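As structure tokens, the structure follows; a few thoughts come after it.
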Amino acid sequence: MTSTPTIDEATLNFQAQLAALQAGKITHEAAEPEVVIFHKKLLVANQLLKIPAESLRNLQAQSWYAEYIALLSIRIKNSALLQIAREHVQNFLQWYAARMKDDSREAAVLAMIQFADPMQLPVPFNQHLLSKTVVDDIRTTFLNYYPSVTYSDDDIAAYYLARQNDWRHGQRKMRVVFIVQSHVTYDKFQPVYEAMKLRDDIEPFLVVSADANGRNSPLAVDYFRKKYPADKIFDTCGVMDLRRLEPDYVIFANPYENMRPFRGILIDDVVKFAKVCVISYGATLAYNFAYRLFDNYRSFYRNVRFMFVSAETVKTVMEKKFRRNVEANNLHVEFLGYPALKNFYRLEREPSDKKRILWTPRWSPTQKADKALIGGSHFMEFKDKFVALNQRYGDKVELFFRPHINLFRELIAAKIMSREEIVAYRKALQDNHVTRHADLAELDKNIRNVDIFIADYSSILVEFFLTGRPIIYCPLKSAEPLPEYAEMFAAMYTARTWKDVERYLDDLFAGNDPLLTKRLAVAEKIFAAHKDAAEKIIDRLARDFADSLSIDD
């Protein structure tokens with residue numbers, strides 16, 4: 001049995017790590033997270049001593065000021081590091097004493113409070129040289145509020161994740177908050193939330209997030225309160241700090257922090273008081289979307305404790321990109337199935353004497369738009385031809401149109417279509433009896449009246465596919481499917497031109513569906529891999545919660 005090192009031994013170890021970091025002999029990944037934070041605190045504290053006294057009033061203009069405030073909020077807890085911190089505070093006190101008649105002594109005080117609460121200092125924090133902004137930032141940091149300056153990096157994220165390993169709780173219910181952006185993507189959460197409500201050991205909450213302008217959609221809030229009249233439904237305008245709900249886990253659906261305007265609901269804040277989980281609002285079906293998701297939003301995913309992914313390949317990608325957190329046992333990437341698929345397998349359709357076609361053109365924010373295609377979308381190429389299907393098939397067909405929520409906004413921004421042209425197109429849809437699904441809150445209910453899907457690449461392809469109905473897929477060149485979904489794409493009718501679309505439609509209208517048997521077999525295989533996903537995710541969190549139970553309880 002290995003003996004616990006004494007404080008002196010631990011101090012020597014941490015001193016050695018600090019020395020190695022300062023000499024560049026080891027990386028931050030190789031050192032203890034709190035040692036890294038201590039090292040960064042020391043660097044930024046020493047940086048202060050180089051600031052001329054007359055520049056202290058504009059401290060917030062320094063490039064490292066945001067990092068200074070972020071580090072200020074981290075209190076050193078390790079006893080060995082505290083012993084080293086006291087030595088550095090003594091050095092700063094000597095620097096202060098040597099400049100008693102010089103206003104630059106205030107810089108030493110600012111350096112000291114990286115390692116000690118201002119109320120504990122043997123010297124006054126006079127504040128007379130500092131701007132109100134700086135004083136307010138420091139005050140709110142020590143009061144555990146959220147200062148206006150926000151900063152995080154891989155080291156700070158790793159520190160907070162590591163600290164979660166020491167969190168303990170008494171015997172009580174597990175508290176879980178679901179952040180729902182709107183009712184449009186809620187169906188991805190729905191099986192998990194509703195299964196949690198059935199358990200006596202879990203207390204789930206729904207929090208409807210405001211938009212980028214700080215407003216909640218009344219429609220979204222009203223939707224959830226009507227759907228679950230007996231549940232605890234909050235909106236972020238009323239709960240601007242999630243700590244008030246005392247969650248153990250906070251579940252996000254997307255990494256788009258710009259859509260969450262309030263401090264206290266941003267992931268850099270949430271990671272300090274709850275374990276962050278992600279159940280993506282879209283299933284990842286192709287390599288480029290897995291890479292883009294994690295590369296473009298690294299600042300979000302580095303704070304995640306549990307990532308529930310839609311394929312083993314996505315798990316591998318995530319673990320490689322965040323290897324530091326995985327190896328430290330601070331990030332758990334799990335493939336337990338994609339819970340939203342539960343509602344779509346062999347989904348019954350409403351009877352009709354017409355062939356009902358749904359077209360879902362996509363939009364991608366990462367690809368440059370041109371006059372023919374827009375981010376992999378075939379909208380500009382097919383928009384008029386789709387409307388004309390009513391003339392081609394007459395009363396044999398019923399058309400439905402579901403564009404990506406950002407499609408028209410992007411068309412205007414990219415100056416591909418004007419507002420007037422979009423208004424005219426919407427009128428053409430109406431005149432040709434095309435039903436536009438502007439709001440698919442519960443997708444499984446909306447597609448009960450669909451017989452054939454015409455679809456660009458989208459995360460909801462797998463949901464369409466599990467219904468067993470035919471898909472005419474208009475491919476995106478860069479969307480190489482993951483191995484788990486290669487058979488699915490091979491069981492769809494691939495249309496590279498509108499003539500291909502019409503050819504497949506003619507066959508399907510005539511009752512020719514050669515991929516039917518293959519499609520149903522692949523759908524069954526996919527569903528088996530994702531079965532009971534909601535229950536598996538809940539059980540995984542429940543095990544983690546049980547592992548954090550205080551031994552005194």
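Residues are named by chain letter and number: chains run A, B, ... in the order of the structure tokens, numbers start at 1 in each chain, and ligands are numbered from 1 in the order shown.
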Exercise. Quick one: residues within 12 Å of Glu194 (chain A), only C-alpha atoms counted, chain neighbours fewer than 5 positions away excluded, as an MDAnalysis selection string?
Worked result: chainID A and resid 178 186:189 199 202:206 227:228 231 339:340 534:535 538
Could those selected residues go to a file with N, CA and C atoms, as a tab-separated table (two decimals), in the first residue's frame?
```tsv
chain	number	residue	atom	x	y	z
A	178	PHE	N	-32.08	20.74	-18.00
A	178	PHE	CA	-32.00	20.67	-19.46
A	178	PHE	C	-32.11	22.09	-20.02
A	186	TYR	N	-36.24	20.36	-29.26
A	186	TYR	CA	-36.46	19.68	-27.99
A	186	TYR	C	-36.65	18.18	-28.15
A	187	ASP	N	-37.12	17.72	-29.32
A	187	ASP	CA	-37.42	16.29	-29.48
A	187	ASP	C	-36.19	15.42	-29.25
A	188	LYS	N	-34.98	15.99	-29.33
A	188	LYS	CA	-33.76	15.22	-29.07
A	188	LYS	C	-33.61	14.93	-27.58
A	189	PHE	N	-34.12	15.83	-26.74
A	189	PHE	CA	-34.09	15.68	-25.28
A	189	PHE	C	-35.27	14.89	-24.75
A	199	ARG	N	-38.68	8.66	-12.61
A	199	ARG	CA	-37.83	8.11	-11.56
A	199	ARG	C	-37.96	8.91	-10.27
A	202	ILE	N	-34.64	11.22	-9.19
A	202	ILE	CA	-34.15	12.30	-10.04
A	202	ILE	C	-35.16	13.44	-10.06
A	203	GLU	N	-34.65	14.66	-10.01
A	203	GLU	CA	-35.48	15.86	-10.11
A	203	GLU	C	-35.04	16.65	-11.34
A	204	PRO	N	-35.75	16.53	-12.46
A	204	PRO	CA	-35.35	17.25	-13.68
A	204	PRO	C	-36.05	18.60	-13.81
A	205	PHE	N	-35.36	19.55	-14.48
A	205	PHE	CA	-35.91	20.87	-14.74
A	205	PHE	C	-35.70	21.21	-16.22
A	206	LEU	N	-36.62	21.95	-16.79
A	206	LEU	CA	-36.42	22.51	-18.13
A	206	LEU	C	-36.18	24.01	-17.99
A	227	LYS	N	-47.31	21.89	-22.56
A	227	LYS	CA	-47.00	20.47	-22.75
A	227	LYS	C	-46.83	19.78	-21.40
A	228	TYR	N	-46.22	20.48	-20.44
A	228	TYR	CA	-45.96	19.90	-19.12
A	228	TYR	C	-46.49	20.84	-18.03
A	231	ASP	N	-44.97	20.55	-14.50
A	231	ASP	CA	-43.52	20.50	-14.36
A	231	ASP	C	-42.94	21.86	-13.99
A	339	PRO	N	-31.01	9.14	-28.33
A	339	PRO	CA	-32.35	8.95	-27.76
A	339	PRO	C	-33.50	9.35	-28.68
A	340	ALA	N	-33.30	10.33	-29.56
A	340	ALA	CA	-34.41	10.81	-30.40
A	340	ALA	C	-34.92	9.74	-31.35
A	534	ALA	N	-32.20	6.48	-24.02
A	534	ALA	CA	-32.54	7.40	-22.93
A	534	ALA	C	-32.28	6.75	-21.58
A	535	GLU	N	-32.73	5.51	-21.42
A	535	GLU	CA	-32.54	4.82	-20.14
A	535	GLU	C	-31.05	4.58	-19.85
A	538	ILE	N	-29.49	7.88	-18.70
A	538	ILE	CA	-29.91	8.19	-17.32
A	538	ILE	C	-29.16	7.30	-16.33
```
Problem set entry | Spatial neighbours of Ala70 (chain A), 7 Å, only C-alpha atoms, chain gap at least 6 places, as a list in words | Thr150, Tyr151 and Ser152 of chain A
Exercise. Which value, in Å to one decimal, gives the distance between CA of Tyr65 (chain A) and CA of Lys40 (chain A)?
Worked result: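 One can read the CA of Tyr65 (chain A) to CA of Lys40 (chain A) distance as 12.6 Å.
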Exercise. Near region 458-464 of chain A, counting only C-alpha atoms, which residues have an atom at most 6 Å away, once you skip same-chain residues fewer than 3 positions from it, shown as an MDAnalysis selection string?
Worked result: chainID A and resid 282:283 344 467
Could the residues in this selection be saved with C-alpha atoms as a short mmCIF file (atom, residue, chain, number, x, y, z; two decimals), in the first residue's frame?
```cif
data_model
loop_
_atom_site.label_atom_id
_atom_site.label_comp_id
_atom_site.auth_asym_id
_atom_site.auth_seq_id
_atom_site.Cartn_x
_atom_site.Cartn_y
_atom_site.Cartn_z
CA GLY A 282 -28.34 16.61 -34.36
CA ALA A 283 -27.00 13.11 -34.97
CA PHE A 344 -39.13 7.21 -35.41
CA THR A 467 -39.49 5.32 -40.56
#
```
Exercise. So which residues touch Asn91 (chain A) within 12 Å, counting only C-alpha atoms, skipping near sequence neighbours fewer than 2 positions away, as number ranges by chain?
Worked result: A: 42, 45-46, 49, 84-89, 93-98, 108-109, 111-112
Take the residues from that selection and put them in a file with N, CA and C atoms, as a CSV table (one decimal), in the first residue's frame.
```csv
chain,number,residue,atom,x,y,z
A,42,LEU,N,1.1,33.0,-11.0
A,42,LEU,CA,2.4,33.7,-10.7
A,42,LEU,C,2.9,34.5,-11.9
A,45,ALA,N,0.7,37.6,-12.0
A,45,ALA,CA,1.0,38.5,-10.8
A,45,ALA,C,2.3,39.2,-11.1
A,46,ASN,N,3.3,38.5,-11.6
A,46,ASN,CA,4.6,39.2,-11.8
A,46,ASN,C,4.5,40.2,-13.0
A,49,LEU,N,3.7,43.7,-11.7
A,49,LEU,CA,4.8,44.4,-11.2
A,49,LEU,C,5.6,45.3,-12.2
A,84,ILE,N,3.6,27.2,-0.7
A,84,ILE,CA,4.4,27.9,-1.7
A,84,ILE,C,3.8,29.3,-1.9
A,85,ALA,N,2.5,29.4,-1.9
A,85,ALA,CA,1.9,30.7,-2.1
A,85,ALA,C,2.3,31.7,-1.1
A,86,ARG,N,2.4,31.2,0.2
A,86,ARG,CA,2.7,32.1,1.3
A,86,ARG,C,4.1,32.7,1.1
A,87,GLU,N,5.0,31.9,0.5
A,87,GLU,CA,6.4,32.4,0.2
A,87,GLU,C,6.3,33.5,-0.9
A,88,HIS,N,5.5,33.3,-1.9
A,88,HIS,CA,5.4,34.4,-2.9
A,88,HIS,C,4.7,35.6,-2.4
A,89,VAL,N,3.7,35.5,-1.5
A,89,VAL,CA,3.1,36.6,-0.9
A,89,VAL,C,4.1,37.4,-0.1
A,93,LEU,N,5.1,41.3,-0.5
A,93,LEU,CA,5.1,42.2,0.6
A,93,LEU,C,6.4,43.0,0.7
A,94,GLN,N,7.5,42.3,0.4
A,94,GLN,CA,8.8,43.0,0.4
A,94,GLN,C,8.9,44.0,-0.7
A,95,TRP,N,8.3,43.6,-1.9
A,95,TRP,CA,8.3,44.6,-3.0
A,95,TRP,C,7.4,45.8,-2.7
A,96,TYR,N,6.3,45.5,-2.0
A,96,TYR,CA,5.4,46.6,-1.5
A,96,TYR,C,6.2,47.5,-0.5
A,97,ALA,N,6.9,46.9,0.5
A,97,ALA,CA,7.5,47.7,1.5
A,97,ALA,C,8.6,48.6,0.9
A,98,ALA,N,9.3,48.1,-0.1
A,98,ALA,CA,10.4,48.8,-0.8
A,98,ALA,C,9.8,50.0,-1.6
A,108,ALA,N,1.6,45.5,-6.3
A,108,ALA,CA,2.0,44.3,-5.4
A,108,ALA,C,0.7,43.8,-4.7
A,109,VAL,N,-0.2,44.7,-4.4
A,109,VAL,CA,-1.4,44.2,-3.7
A,109,VAL,C,-2.3,43.4,-4.7
A,111,ALA,N,-1.1,41.8,-7.1
A,111,ALA,CA,-0.5,40.5,-7.3
A,111,ALA,C,-0.8,39.6,-6.2
A,112,MET,N,-0.8,40.1,-4.9
A,112,MET,CA,-1.0,39.3,-3.8
A,112,MET,C,-2.4,38.6,-3.8
```
For this session: From a DSSP calculation on the backbone, collect every residue of region 320-482 of chain A in helix (DSSP H, G or I) and output the set as an NGL selection string.
Result: :A and (320-321 or 323-327 or 339-343 or 379-387 or 389-396 or 407-413 or 419-431 or 443-449 or 461-466)
Problem set entry | Surrounding residues of Val135 (chain A) excluding itself and chain neighbours under 5 positions, 12 Å, only C-alpha atoms, as a list in words |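 Near neighbours after the sequence-gap exclusion: Leu56, Arg57, Asn58, Leu59, Gln60, Ile69, Leu110, Pro118, Phe125, Asn126, Gln127, His128, Leu129, Leu130, Thr140, Thr141, Phe142, Pro147 and Ser148 of chain A.
Between CA of Pro247 (chain A) and CA of Val177 (chain A) the separation is 6.2 Å.
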Going by DSSP on the backbone, which bits of region 176-363 of chain A are strand (DSSP E)? Write them as a PDB file with N, CA and C atoms, in the first residue's frame, please.
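Contents of the output file out.pdb:
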```pdb
ATOM      1  N   VAL A 176     -31.151  17.648 -12.273  1.00  0.00           N
ATOM      2  CA  VAL A 176     -30.681  17.760 -13.660  1.00  0.00           C
ATOM      3  C   VAL A 176     -31.423  18.890 -14.364  1.00  0.00           C
ATOM      4  N   VAL A 177     -30.669  19.798 -14.959  1.00  0.00           N
ATOM      5  CA  VAL A 177     -31.240  20.896 -15.735  1.00  0.00           C
ATOM      6  C   VAL A 177     -31.017  20.635 -17.216  1.00  0.00           C
ATOM      7  N   PHE A 178     -32.076  20.745 -18.002  1.00  0.00           N
ATOM      8  CA  PHE A 178     -32.003  20.668 -19.460  1.00  0.00           C
ATOM      9  C   PHE A 178     -32.108  22.090 -20.018  1.00  0.00           C
ATOM     10  N   ILE A 179     -31.097  22.518 -20.780  1.00  0.00           N
ATOM     11  CA  ILE A 179     -31.155  23.817 -21.434  1.00  0.00           C
ATOM     12  C   ILE A 179     -31.771  23.619 -22.816  1.00  0.00           C
ATOM     13  N   VAL A 180     -32.954  24.141 -23.011  1.00  0.00           N
ATOM     14  CA  VAL A 180     -33.631  24.006 -24.301  1.00  0.00           C
ATOM     15  C   VAL A 180     -33.645  25.367 -24.987  1.00  0.00           C
ATOM     16  N   ILE A 202     -34.640  11.220  -9.190  1.00  0.00           N
ATOM     17  CA  ILE A 202     -34.148  12.305 -10.040  1.00  0.00           C
ATOM     18  C   ILE A 202     -35.159  13.439 -10.060  1.00  0.00           C
ATOM     19  N   GLU A 203     -34.647  14.664 -10.009  1.00  0.00           N
ATOM     20  CA  GLU A 203     -35.485  15.860 -10.114  1.00  0.00           C
ATOM     21  C   GLU A 203     -35.038  16.654 -11.342  1.00  0.00           C
ATOM     22  N   PRO A 204     -35.751  16.530 -12.464  1.00  0.00           N
ATOM     23  CA  PRO A 204     -35.350  17.246 -13.683  1.00  0.00           C
ATOM     24  C   PRO A 204     -36.047  18.603 -13.810  1.00  0.00           C
ATOM     25  N   PHE A 205     -35.364  19.550 -14.479  1.00  0.00           N
ATOM     26  CA  PHE A 205     -35.915  20.872 -14.741  1.00  0.00           C
ATOM     27  C   PHE A 205     -35.697  21.205 -16.217  1.00  0.00           C
ATOM     28  N   LEU A 206     -36.617  21.952 -16.794  1.00  0.00           N
ATOM     29  CA  LEU A 206     -36.419  22.513 -18.126  1.00  0.00           C
ATOM     30  C   LEU A 206     -36.177  24.012 -17.991  1.00  0.00           C
ATOM     31  N   VAL A 207     -35.108  24.487 -18.613  1.00  0.00           N
ATOM     32  CA  VAL A 207     -34.816  25.925 -18.632  1.00  0.00           C
ATOM     33  C   VAL A 207     -34.772  26.370 -20.085  1.00  0.00           C
ATOM     34  N   VAL A 208     -35.686  27.241 -20.464  1.00  0.00           N
ATOM     35  CA  VAL A 208     -35.764  27.732 -21.837  1.00  0.00           C
ATOM     36  C   VAL A 208     -34.815  28.919 -21.971  1.00  0.00           C
ATOM     37  N   ILE A 233     -40.883  24.548 -15.149  1.00  0.00           N
ATOM     38  CA  ILE A 233     -40.388  25.132 -16.391  1.00  0.00           C
ATOM     39  C   ILE A 233     -39.904  26.546 -16.074  1.00  0.00           C
ATOM     40  N   PHE A 234     -38.643  26.823 -16.400  1.00  0.00           N
ATOM     41  CA  PHE A 234     -38.070  28.138 -16.140  1.00  0.00           C
ATOM     42  C   PHE A 234     -37.618  28.753 -17.451  1.00  0.00           C
ATOM     43  N   ASP A 235     -37.437  30.075 -17.444  1.00  0.00           N
ATOM     44  CA  ASP A 235     -36.781  30.716 -18.582  1.00  0.00           C
ATOM     45  C   ASP A 235     -35.588  31.504 -18.057  1.00  0.00           C
ATOM     46  N   TYR A 249     -26.154  18.202 -12.683  1.00  0.00           N
ATOM     47  CA  TYR A 249     -25.815  18.052 -14.103  1.00  0.00           C
ATOM     48  C   TYR A 249     -26.628  19.069 -14.901  1.00  0.00           C
ATOM     49  N   VAL A 250     -25.976  19.669 -15.874  1.00  0.00           N
ATOM     50  CA  VAL A 250     -26.653  20.568 -16.806  1.00  0.00           C
ATOM     51  C   VAL A 250     -26.443  19.997 -18.201  1.00  0.00           C
ATOM     52  N   ILE A 251     -27.548  19.748 -18.909  1.00  0.00           N
ATOM     53  CA  ILE A 251     -27.481  19.100 -20.218  1.00  0.00           C
ATOM     54  C   ILE A 251     -27.748  20.129 -21.314  1.00  0.00           C
ATOM     55  N   PHE A 252     -26.765  20.271 -22.198  1.00  0.00           N
ATOM     56  CA  PHE A 252     -26.882  21.170 -23.344  1.00  0.00           C
ATOM     57  C   PHE A 252     -27.132  20.358 -24.603  1.00  0.00           C
ATOM     58  N   LYS A 275     -21.825  19.503 -13.431  1.00  0.00           N
ATOM     59  CA  LYS A 275     -21.182  18.710 -14.467  1.00  0.00           C
ATOM     60  C   LYS A 275     -21.960  18.896 -15.771  1.00  0.00           C
ATOM     61  N   VAL A 276     -21.241  19.292 -16.803  1.00  0.00           N
ATOM     62  CA  VAL A 276     -21.866  19.590 -18.088  1.00  0.00           C
ATOM     63  C   VAL A 276     -21.979  18.321 -18.921  1.00  0.00           C
ATOM     64  N   CYS A 277     -23.167  18.101 -19.476  1.00  0.00           N
ATOM     65  CA  CYS A 277     -23.410  16.968 -20.362  1.00  0.00           C
ATOM     66  C   CYS A 277     -23.922  17.503 -21.697  1.00  0.00           C
ATOM     67  N   VAL A 278     -23.655  16.755 -22.755  1.00  0.00           N
ATOM     68  CA  VAL A 278     -24.137  17.151 -24.081  1.00  0.00           C
ATOM     69  C   VAL A 278     -24.836  15.975 -24.742  1.00  0.00           C
ATOM     70  N   ILE A 279     -26.069  16.203 -25.150  1.00  0.00           N
ATOM     71  CA  ILE A 279     -26.779  15.302 -26.061  1.00  0.00           C
ATOM     72  C   ILE A 279     -27.070  16.153 -27.286  1.00  0.00           C
ATOM     73  N   PHE A 306     -19.628  14.873 -19.665  1.00  0.00           N
ATOM     74  CA  PHE A 306     -20.210  13.708 -20.343  1.00  0.00           C
ATOM     75  C   PHE A 306     -20.672  14.129 -21.730  1.00  0.00           C
ATOM     76  N   MET A 307     -20.146  13.454 -22.732  1.00  0.00           N
ATOM     77  CA  MET A 307     -20.564  13.681 -24.108  1.00  0.00           C
ATOM     78  C   MET A 307     -21.221  12.408 -24.604  1.00  0.00           C
ATOM     79  N   PHE A 308     -22.522  12.485 -24.859  1.00  0.00           N
ATOM     80  CA  PHE A 308     -23.263  11.326 -25.351  1.00  0.00           C
ATOM     81  C   PHE A 308     -23.393  11.463 -26.866  1.00  0.00           C
ATOM     82  N   HIS A 332     -15.844  12.001 -20.183  1.00  0.00           N
ATOM     83  CA  HIS A 332     -16.354  10.667 -20.493  1.00  0.00           C
ATOM     84  C   HIS A 332     -17.185  10.763 -21.765  1.00  0.00           C
ATOM     85  N   VAL A 333     -16.684  10.180 -22.832  1.00  0.00           N
ATOM     86  CA  VAL A 333     -17.403  10.154 -24.098  1.00  0.00           C
ATOM     87  C   VAL A 333     -18.081   8.792 -24.213  1.00  0.00           C
ATOM     88  N   GLU A 334     -19.387   8.809 -24.366  1.00  0.00           N
ATOM     89  CA  GLU A 334     -20.153   7.570 -24.320  1.00  0.00           C
ATOM     90  C   GLU A 334     -21.024   7.431 -25.563  1.00  0.00           C
ATOM     91  N   LYS A 355     -49.715  10.706 -52.898  1.00  0.00           N
ATOM     92  CA  LYS A 355     -48.318  10.548 -52.518  1.00  0.00           C
ATOM     93  C   LYS A 355     -47.853  11.871 -51.907  1.00  0.00           C
ATOM     94  N   ARG A 356     -47.425  11.804 -50.659  1.00  0.00           N
ATOM     95  CA  ARG A 356     -47.047  13.018 -49.940  1.00  0.00           C
ATOM     96  C   ARG A 356     -45.533  13.119 -49.865  1.00  0.00           C
ATOM     97  N   ILE A 357     -45.017  14.227 -50.371  1.00  0.00           N
ATOM     98  CA  ILE A 357     -43.567  14.415 -50.499  1.00  0.00           C
ATOM     99  C   ILE A 357     -43.132  15.568 -49.603  1.00  0.00           C
ATOM    100  N   LEU A 358     -42.092  15.330 -48.811  1.00  0.00           N
ATOM    101  CA  LEU A 358     -41.493  16.385 -47.979  1.00  0.00           C
ATOM    102  C   LEU A 358     -40.099  16.680 -48.503  1.00  0.00           C
ATOM    103  N   TRP A 359     -39.817  17.962 -48.774  1.00  0.00           N
ATOM    104  CA  TRP A 359     -38.482  18.390 -49.207  1.00  0.00           C
ATOM    105  C   TRP A 359     -37.819  19.183 -48.086  1.00  0.00           C
ATOM    106  N   THR A 360     -36.569  18.806 -47.737  1.00  0.00           N
ATOM    107  CA  THR A 360     -35.842  19.449 -46.640  1.00  0.00           C
ATOM    108  C   THR A 360     -34.483  19.951 -47.119  1.00  0.00           C
TER     109      THR A 360
END
```
Residues of region 337-396 of chain A at most 10 Å from region 486-506 of chain A: nearest atom pair and distance in Å, only C-alpha atoms, as CSV:
```
residue,atom,partner,partner_atom,distance
A:Lys355,CA,A:Leu505,CA,9.7
A:Ile357,CA,A:Leu505,CA,9.4
A:His378,CA,A:Thr497,CA,9.4
A:Glu381,CA,A:Trp498,CA,8.3
A:Phe382,CA,A:Trp498,CA,6.9
A:Lys385,CA,A:Trp498,CA,7.8
A:Phe386,CA,A:Trp498,CA,9.0
A:Leu389,CA,A:Glu502,CA,8.9
A:Arg392,CA,A:Glu502,CA,9.5
A:Tyr393,CA,A:Asp506,CA,9.3
```
Using only N, CA and C atoms, please write the residues we just selected to a file, as a compact mmCIF listing (two decimals), in the first residue's frame.
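The resulting part-v1.txt:
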```txt
# COMPACT_ATOMS: atom_id res chain seq x y z
N LYS A 355 -49.72 10.71 -52.90
CA LYS A 355 -48.32 10.55 -52.52
C LYS A 355 -47.85 11.87 -51.91
N ILE A 357 -45.02 14.23 -50.37
CA ILE A 357 -43.57 14.41 -50.50
C ILE A 357 -43.13 15.57 -49.60
N HIS A 378 -29.42 22.27 -52.06
CA HIS A 378 -29.86 22.31 -53.45
C HIS A 378 -31.06 23.24 -53.63
N GLU A 381 -31.11 25.49 -56.76
CA GLU A 381 -31.17 24.67 -57.97
C GLU A 381 -32.55 24.03 -58.17
N PHE A 382 -33.22 23.69 -57.04
CA PHE A 382 -34.44 22.90 -57.14
C PHE A 382 -35.72 23.67 -56.77
N LYS A 385 -38.43 23.92 -59.41
CA LYS A 385 -38.78 22.60 -59.93
C LYS A 385 -39.60 21.81 -58.93
N PHE A 386 -39.33 22.02 -57.65
CA PHE A 386 -40.12 21.34 -56.63
C PHE A 386 -41.57 21.81 -56.67
N LEU A 389 -43.84 20.29 -59.27
CA LEU A 389 -44.29 18.89 -59.16
C LEU A 389 -45.81 18.80 -59.10
N ARG A 392 -46.77 18.42 -62.54
CA ARG A 392 -46.33 17.13 -63.10
C ARG A 392 -47.25 15.99 -62.69
N TYR A 393 -47.66 15.98 -61.40
CA TYR A 393 -48.43 14.84 -60.88
C TYR A 393 -49.89 15.17 -60.59
```
Problem set entry | Test item: residues at most 9 Å from Val36 (chain A), only C-alpha atoms, excluding those fewer than 3 positions along its chain, as a list in words |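 Those residues are Gln17, Leu18, Leu21, His28, Glu29, Ala31, Glu32, Pro33, His39, Lys40, Lys41, Asp155, Ile156 and Tyr159 of chain A.
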Problem set entry | Surrounding residues of Asn390 (chain A) excluding itself and chain neighbours under 2 positions, 12 Å, only C-alpha atoms, as a list in words | Lys354, Lys355, Arg356, Ile357, Asp384, Lys385, Phe386, Val387, Ala388, Arg392, Tyr393, Gly394, Asp395, Lys396, Val397, Glu398, Leu399, Phe400, Ala428, Leu429, Gln430, Asp431, Asn432, His433, Val434 and Thr435 of chain A
Residues as selected, C-alpha atoms, written as a PDB file, in the first residue's frame, can you do that?
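After the write, selection-v8.pdb holds the following:
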```pdb
ATOM      1  CA  LYS A 354     -52.101  10.869 -52.455  1.00  0.00           C
ATOM      2  CA  LYS A 355     -48.318  10.548 -52.518  1.00  0.00           C
ATOM      3  CA  ARG A 356     -47.047  13.018 -49.940  1.00  0.00           C
ATOM      4  CA  ILE A 357     -43.567  14.415 -50.499  1.00  0.00           C
ATOM      5  CA  ASP A 384     -38.891  26.202 -58.727  1.00  0.00           C
ATOM      6  CA  LYS A 385     -38.781  22.599 -59.934  1.00  0.00           C
ATOM      7  CA  PHE A 386     -40.122  21.336 -56.627  1.00  0.00           C
ATOM      8  CA  VAL A 387     -43.116  23.675 -56.829  1.00  0.00           C
ATOM      9  CA  ALA A 388     -43.731  22.468 -60.388  1.00  0.00           C
ATOM     10  CA  ARG A 392     -46.326  17.133 -63.103  1.00  0.00           C
ATOM     11  CA  TYR A 393     -48.427  14.839 -60.884  1.00  0.00           C
ATOM     12  CA  GLY A 394     -51.634  16.817 -60.449  1.00  0.00           C
ATOM     13  CA  ASP A 395     -53.977  15.595 -57.718  1.00  0.00           C
ATOM     14  CA  LYS A 396     -51.855  12.494 -57.141  1.00  0.00           C
ATOM     15  CA  VAL A 397     -49.392  14.455 -55.019  1.00  0.00           C
ATOM     16  CA  GLU A 398     -49.329  16.592 -51.881  1.00  0.00           C
ATOM     17  CA  LEU A 399     -46.179  18.659 -51.254  1.00  0.00           C
ATOM     18  CA  PHE A 400     -44.580  19.749 -47.995  1.00  0.00           C
ATOM     19  CA  ALA A 428     -45.584  30.628 -55.041  1.00  0.00           C
ATOM     20  CA  LEU A 429     -45.614  27.843 -52.443  1.00  0.00           C
ATOM     21  CA  GLN A 430     -49.032  28.973 -51.277  1.00  0.00           C
ATOM     22  CA  ASP A 431     -50.434  29.372 -54.798  1.00  0.00           C
ATOM     23  CA  ASN A 432     -49.272  25.849 -55.678  1.00  0.00           C
ATOM     24  CA  HIS A 433     -50.744  24.356 -52.491  1.00  0.00           C
ATOM     25  CA  VAL A 434     -47.336  23.505 -50.991  1.00  0.00           C
ATOM     26  CA  THR A 435     -47.544  23.295 -47.202  1.00  0.00           C
TER      27      THR A 435
END
```
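In this comparison, which uses only C-alpha atoms, the residue of A:Tyr281, A:Tyr145, A:Phe38, A:Phe294 approaching Gly264 (chain A) most closely is A:Tyr145.
Minimum distance to Asp532 (chain A) across A:Cys474, A:Tyr338, A:Asp248, A:Gln15 (counting only C-alpha atoms) occurs at A:Tyr338.
Using only C-alpha atoms, the smallest distance between any of A:Phe379, A:Trp363, A:Phe545, A:Phe92 and His404 (chain A) comes from A:Trp363.
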Problem set entry | Option closest in space to Gly376 (chain A), from A:Val314, A:Ile265, A:Ala455, A:Val149 [counting only C-alpha atoms] |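 Closest residue, counting only C-alpha atoms: A:Ala455.
Closest to Leu508 (chain A) among A:Arg139, A:Arg469, A:Lys25, A:Lys525 is A:Arg469, based on only C-alpha atoms.
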